[in-house]
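Reproduced below: coords_23.cif, with mmCIF, C-alpha atoms.
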```cif
data_target
#
loop_
_atom_site.label_atom_id
_atom_site.label_comp_id
_atom_site.auth_asym_id
_atom_site.auth_seq_id
_atom_site.Cartn_x
_atom_site.Cartn_y
_atom_site.Cartn_z
CA MET A 30 72.26 60.78 -18.31
CA THR A 31 72.80 57.37 -19.87
CA THR A 32 74.02 54.23 -18.09
CA LEU A 33 76.62 52.18 -19.94
CA GLU A 34 78.16 48.87 -18.94
CA GLY A 35 81.55 47.45 -19.65
CA GLY A 36 84.40 45.35 -18.37
CA CYS A 37 87.45 43.30 -19.10
CA HIS A 38 87.81 40.50 -21.65
CA CYS A 39 86.99 37.60 -19.31
CA SER A 40 84.20 39.48 -17.44
CA ALA A 41 85.81 39.04 -14.02
CA VAL A 42 85.76 42.86 -13.85
CA ARG A 43 82.48 44.57 -14.73
CA PHE A 44 81.24 48.11 -14.16
CA LYS A 45 78.49 50.62 -14.87
CA VAL A 46 79.09 54.25 -15.71
CA GLU A 47 76.76 57.24 -16.02
CA VAL A 48 77.54 59.56 -18.95
CA PRO A 49 75.76 62.60 -20.40
CA ALA A 50 73.24 61.86 -23.14
CA GLU A 51 75.00 64.29 -25.50
CA PRO A 52 78.31 63.48 -27.22
CA VAL A 53 81.17 62.91 -24.77
CA SER A 54 84.83 63.78 -25.19
CA LEU A 55 87.32 60.94 -25.16
CA LEU A 56 91.01 61.69 -24.65
CA ASP A 57 93.44 59.81 -26.89
CA CYS A 58 96.66 59.99 -24.89
CA ASN A 59 100.12 59.34 -26.34
CA CYS A 60 101.90 58.57 -23.05
CA SER A 61 103.85 55.32 -22.79
CA ILE A 62 101.13 53.18 -21.18
CA CYS A 63 98.13 54.56 -23.11
CA ALA A 64 99.88 54.31 -26.48
CA LYS A 65 100.78 50.67 -25.82
CA THR A 66 97.31 49.69 -24.56
CA GLY A 67 95.11 51.76 -26.89
CA PHE A 68 93.32 53.36 -23.93
CA LEU A 69 90.64 55.94 -24.88
CA HIS A 70 89.84 57.97 -21.76
CA LEU A 71 86.26 58.64 -20.73
CA ILE A 72 86.72 60.69 -17.54
CA VAL A 73 83.86 60.42 -15.02
CA GLU A 74 83.27 61.58 -11.45
CA GLY A 75 83.55 58.96 -8.73
CA ASP A 76 79.80 58.85 -8.10
CA ALA A 77 79.15 58.15 -11.81
CA PHE A 78 81.08 54.86 -11.65
CA THR A 79 80.01 51.58 -10.03
CA LEU A 80 82.10 48.43 -9.92
CA THR A 81 79.56 45.59 -10.23
CA THR A 82 81.92 42.68 -9.59
CA ASP A 83 84.18 41.83 -6.66
CA SER A 84 87.15 44.19 -6.36
CA THR A 85 89.42 41.25 -5.49
CA ALA A 86 89.61 40.50 -9.24
CA LEU A 87 91.62 43.72 -9.66
CA ARG A 88 95.38 44.15 -9.50
CA GLU A 89 97.14 47.49 -9.23
CA TYR A 90 100.18 48.95 -10.98
CA SER A 91 101.81 52.35 -10.66
CA PHE A 92 104.81 54.04 -12.23
CA GLY A 93 106.28 57.50 -12.74
CA SER A 94 104.73 59.87 -10.20
CA GLY A 95 102.88 56.95 -8.56
CA LYS A 96 99.74 59.09 -8.28
CA ALA A 97 97.62 57.15 -10.77
CA ARG A 98 96.11 53.83 -9.65
CA HIS A 99 96.29 51.64 -12.76
CA LEU A 100 93.81 48.82 -12.11
CA PHE A 101 93.61 45.73 -14.29
CA CYS A 102 92.00 42.31 -14.26
CA GLY A 103 94.17 39.75 -12.51
CA THR A 104 92.87 37.03 -14.85
CA CYS A 105 92.96 38.47 -18.38
CA GLY A 106 95.13 41.56 -17.79
CA ILE A 107 92.76 44.12 -19.35
CA LYS A 108 92.74 47.63 -17.86
CA SER A 109 89.13 48.70 -18.39
CA PHE A 110 89.34 51.64 -15.97
CA TYR A 111 91.70 53.28 -13.48
CA VAL A 112 92.02 56.21 -11.11
CA PRO A 113 93.99 58.91 -12.97
CA ARG A 114 96.27 61.42 -11.30
CA SER A 115 94.34 64.18 -13.06
CA HIS A 116 91.07 63.12 -11.37
CA PRO A 117 91.97 61.29 -8.13
CA ASP A 118 88.32 61.33 -7.00
CA GLY A 119 87.06 59.95 -10.32
CA TYR A 120 87.80 57.31 -12.91
CA SER A 121 89.08 57.08 -16.42
CA VAL A 122 87.15 54.38 -18.26
CA ASN A 123 88.61 52.85 -21.40
CA ALA A 124 85.79 53.60 -23.84
CA ARG A 125 86.92 50.58 -25.86
CA CYS A 126 85.91 48.39 -22.90
CA LEU A 127 82.30 49.57 -22.99
CA ASP A 128 79.88 46.89 -24.17
CA ASP A 129 78.36 49.25 -26.73
CA PHE A 130 81.29 51.54 -27.57
CA ALA A 131 80.24 51.76 -31.24
CA ALA A 132 76.91 53.36 -30.25
CA LEU A 133 78.52 56.01 -28.01
CA GLU A 134 78.35 59.51 -29.46
CA CYS A 135 81.81 60.91 -28.88
CA ASN A 136 84.49 63.32 -29.94
CA ILE A 137 88.05 62.01 -29.78
CA VAL A 138 90.49 64.65 -28.52
CA PRO A 139 94.27 64.15 -28.76
CA PHE A 140 96.07 64.51 -25.42
CA ASP A 141 99.86 64.93 -25.24
CA GLY A 142 100.55 62.65 -22.30
CA GLN A 143 104.25 62.57 -23.20
CA ASN A 144 104.21 66.18 -21.94
CA TRP A 145 101.59 65.58 -19.25
CA ASP A 146 101.98 68.72 -17.11
CA ALA A 147 101.70 71.13 -20.05
CA ALA A 148 98.85 69.17 -21.66
CA ARG A 149 96.91 69.03 -18.37
CA ALA A 150 97.37 72.79 -17.84
CA ALA A 151 96.01 73.44 -21.35
CA LEU A 152 92.77 71.59 -20.45
CA ASP A 153 92.07 73.76 -17.40
#
```

Could you write out this file's structure as structure tokens?
Amino acid sequence: MTTLEGGCHCSAVRFKVEVPAEPVSLLDCNCSICAKTGFLHLIVEGDAFTLTTDSTALREYSFGSGKARHLFCGTCGIKSFYVPRSHPDGYSVNARCLDDFAALECNIVPFDGQNWDAARAALD
């Protein structure tokens, strides 16, 4: 396992995440929020994620099913991670918010979030 660090633009929100040493898969979702924010999903289990700054810097937004907890920095507005409805006990980290994203060995996998239920079923 490798420990990576990341956070928002202003650094009010910072985190650490444990990822496998081998190449990881990143989901490139085309749903309305991911397409507009450029979010590249690195899905991790809850125990692989540690928020290293005060959680009071975070704000929450939800829409649609209301199951996902979209968390963003209350100062700069960047969503560097959130709790996805597909993994309610884990996190989806925006790989682009990792300090050393360019060094991460990864495979980018398209995900049809516009047709979420069918795309999620295809992953299982």

If you apply the PyMOL selection byres ((chain A and resi 58) around 9) to this file, what residues do you get, as a short mmCIF file (atom, residue, chain, number, x, y, z; two decimals) with C-alpha atoms, in the coordinates of the input?
```
data_model
loop_
_atom_site.label_atom_id
_atom_site.label_comp_id
_atom_site.auth_asym_id
_atom_site.auth_seq_id
_atom_site.Cartn_x
_atom_site.Cartn_y
_atom_site.Cartn_z
CA LEU A 56 91.01 61.69 -24.65
CA ASP A 57 93.44 59.81 -26.89
CA ASN A 59 100.12 59.34 -26.34
CA CYS A 60 101.90 58.57 -23.05
CA SER A 61 103.85 55.32 -22.79
CA ILE A 62 101.13 53.18 -21.18
CA CYS A 63 98.13 54.56 -23.11
CA ALA A 64 99.88 54.31 -26.48
CA GLY A 67 95.11 51.76 -26.89
CA PHE A 68 93.32 53.36 -23.93
CA LEU A 69 90.64 55.94 -24.88
CA HIS A 70 89.84 57.97 -21.76
CA VAL A 138 90.49 64.65 -28.52
CA PRO A 139 94.27 64.15 -28.76
CA PHE A 140 96.07 64.51 -25.42
CA ASP A 141 99.86 64.93 -25.24
CA GLY A 142 100.55 62.65 -22.30
CA GLN A 143 104.25 62.57 -23.20
#
```

Would you compute the box with edges along x, y and z of the file around stretch 101-109 of chain A, including every atom the file lists for it and 5 Å extra on each side, and give its centre and edge lengths in Å to one decimal, as AutoDock Vina command-line options?
```
--center_x 92.1 --center_y 42.9 --center_z -15.9 --size_x 16.0 --size_y 21.7 --size_z 16.8
```

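Residues matching the PyMOL selection byres ((chain A and resi 31) around 10) in this structure come to Met30, Thr32, Leu33, Val46, Glu47, Val48, Pro49, Ala50 and Glu51 of chain A.
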
So what does the PyMOL selection byres ((chain A and resi 85) around 12) actually pick up in this one, as a list of chain:residue names?
A:Ala41, A:Val42, A:Leu80, A:Thr81, A:Thr82, A:Asp83, A:Ser84, A:Ala86, A:Leu87, A:Arg88, A:Glu89, A:Leu100, A:Phe101, A:Cys102, A:Gly103, A:Thr104

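Take the candidates A:Ala77, A:Ala148, A:Cys105, A:Leu71 and check each one against A:Asn123 using all atoms listed in the file; the shortest distance goes to A:Leu71.
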
Residue nearest A:Val73 among A:His99, A:His38, A:Arg125, A:Tyr111 (counting only C-alpha atoms):
A:Tyr111

Select stretch 96-108 of chain A in the preceding structure and write all heavy atoms to a file as a short mmCIF file (atom, residue, chain, number, x, y, z; two decimals), in the first residue's frame.
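Full text of out37.cif as output:
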```cif
data_model
loop_
_atom_site.label_atom_id
_atom_site.label_comp_id
_atom_site.auth_asym_id
_atom_site.auth_seq_id
_atom_site.Cartn_x
_atom_site.Cartn_y
_atom_site.Cartn_z
N LYS A 96 -28.61 10.21 -1.65
CA LYS A 96 -27.81 9.19 -0.94
C LYS A 96 -26.33 9.55 -0.87
O LYS A 96 -25.65 9.16 0.07
CB LYS A 96 -28.00 7.83 -1.60
CG LYS A 96 -29.41 7.31 -1.43
CD LYS A 96 -29.59 5.97 -2.10
CE LYS A 96 -31.03 5.52 -1.94
NZ LYS A 96 -31.29 4.28 -2.68
N ALA A 97 -25.82 10.26 -1.85
CA ALA A 97 -24.41 10.66 -1.83
C ALA A 97 -24.24 11.89 -0.95
O ALA A 97 -25.11 12.77 -0.91
CB ALA A 97 -23.93 10.97 -3.25
N ARG A 98 -23.13 11.95 -0.22
CA ARG A 98 -22.80 13.11 0.61
C ARG A 98 -21.68 13.87 -0.09
O ARG A 98 -20.52 13.56 0.08
CB ARG A 98 -22.37 12.66 2.00
CG ARG A 98 -23.48 12.02 2.79
CD ARG A 98 -23.05 11.67 4.21
NE ARG A 98 -22.56 12.88 4.88
CZ ARG A 98 -21.43 12.92 5.59
NH1 ARG A 98 -20.68 11.86 5.74
NH2 ARG A 98 -21.06 14.05 6.17
N HIS A 99 -22.05 14.85 -0.91
CA HIS A 99 -21.08 15.66 -1.64
C HIS A 99 -20.50 16.68 -0.66
O HIS A 99 -21.19 17.56 -0.18
CB HIS A 99 -21.73 16.34 -2.83
CG HIS A 99 -22.22 15.38 -3.85
ND1 HIS A 99 -21.43 14.89 -4.85
CD2 HIS A 99 -23.43 14.77 -3.98
CE1 HIS A 99 -22.12 14.04 -5.58
NE2 HIS A 99 -23.33 13.95 -5.07
N LEU A 100 -19.21 16.53 -0.35
CA LEU A 100 -18.53 17.38 0.63
C LEU A 100 -17.56 18.29 -0.11
O LEU A 100 -16.81 17.84 -0.97
CB LEU A 100 -17.78 16.50 1.63
CG LEU A 100 -18.67 15.50 2.37
CD1 LEU A 100 -17.83 14.44 3.07
CD2 LEU A 100 -19.57 16.21 3.35
N PHE A 101 -17.56 19.55 0.24
CA PHE A 101 -16.67 20.50 -0.41
C PHE A 101 -16.16 21.52 0.59
O PHE A 101 -16.74 21.70 1.66
CB PHE A 101 -17.37 21.19 -1.60
CG PHE A 101 -18.59 21.98 -1.21
CD1 PHE A 101 -18.51 23.34 -0.98
CD2 PHE A 101 -19.82 21.36 -1.08
CE1 PHE A 101 -19.62 24.08 -0.62
CE2 PHE A 101 -20.95 22.08 -0.73
CZ PHE A 101 -20.84 23.44 -0.50
N CYS A 102 -15.06 22.16 0.25
CA CYS A 102 -14.47 23.16 1.13
C CYS A 102 -15.36 24.40 1.18
O CYS A 102 -15.73 24.95 0.13
CB CYS A 102 -13.08 23.53 0.62
SG CYS A 102 -12.32 24.88 1.57
N GLY A 103 -15.67 24.83 2.38
CA GLY A 103 -16.51 26.02 2.56
C GLY A 103 -15.79 27.31 2.21
O GLY A 103 -16.43 28.35 2.06
N THR A 104 -14.48 27.26 2.05
CA THR A 104 -13.70 28.46 1.69
C THR A 104 -13.50 28.57 0.19
O THR A 104 -13.89 29.56 -0.42
CB THR A 104 -12.33 28.45 2.41
OG1 THR A 104 -12.55 28.37 3.82
CG2 THR A 104 -11.53 29.70 2.08
N CYS A 105 -12.91 27.55 -0.43
CA CYS A 105 -12.58 27.65 -1.86
C CYS A 105 -13.56 26.90 -2.76
O CYS A 105 -13.54 27.07 -3.98
CB CYS A 105 -11.15 27.17 -2.13
SG CYS A 105 -10.89 25.40 -1.92
N GLY A 106 -14.42 26.06 -2.20
CA GLY A 106 -15.46 25.39 -2.97
C GLY A 106 -15.05 24.10 -3.66
O GLY A 106 -15.85 23.47 -4.34
N ILE A 107 -13.80 23.66 -3.48
CA ILE A 107 -13.33 22.45 -4.16
C ILE A 107 -13.87 21.20 -3.46
O ILE A 107 -13.81 21.09 -2.24
CB ILE A 107 -11.79 22.41 -4.21
CG1 ILE A 107 -11.24 23.58 -5.02
CG2 ILE A 107 -11.26 21.07 -4.73
CD1 ILE A 107 -11.63 23.59 -6.48
N LYS A 108 -14.37 20.25 -4.27
CA LYS A 108 -14.81 18.95 -3.76
C LYS A 108 -13.68 17.96 -4.02
O LYS A 108 -13.54 17.43 -5.11
CB LYS A 108 -16.10 18.50 -4.45
CG LYS A 108 -16.61 17.17 -3.91
CD LYS A 108 -17.98 16.80 -4.47
CE LYS A 108 -17.87 16.16 -5.81
NZ LYS A 108 -19.12 15.51 -6.26
#
```
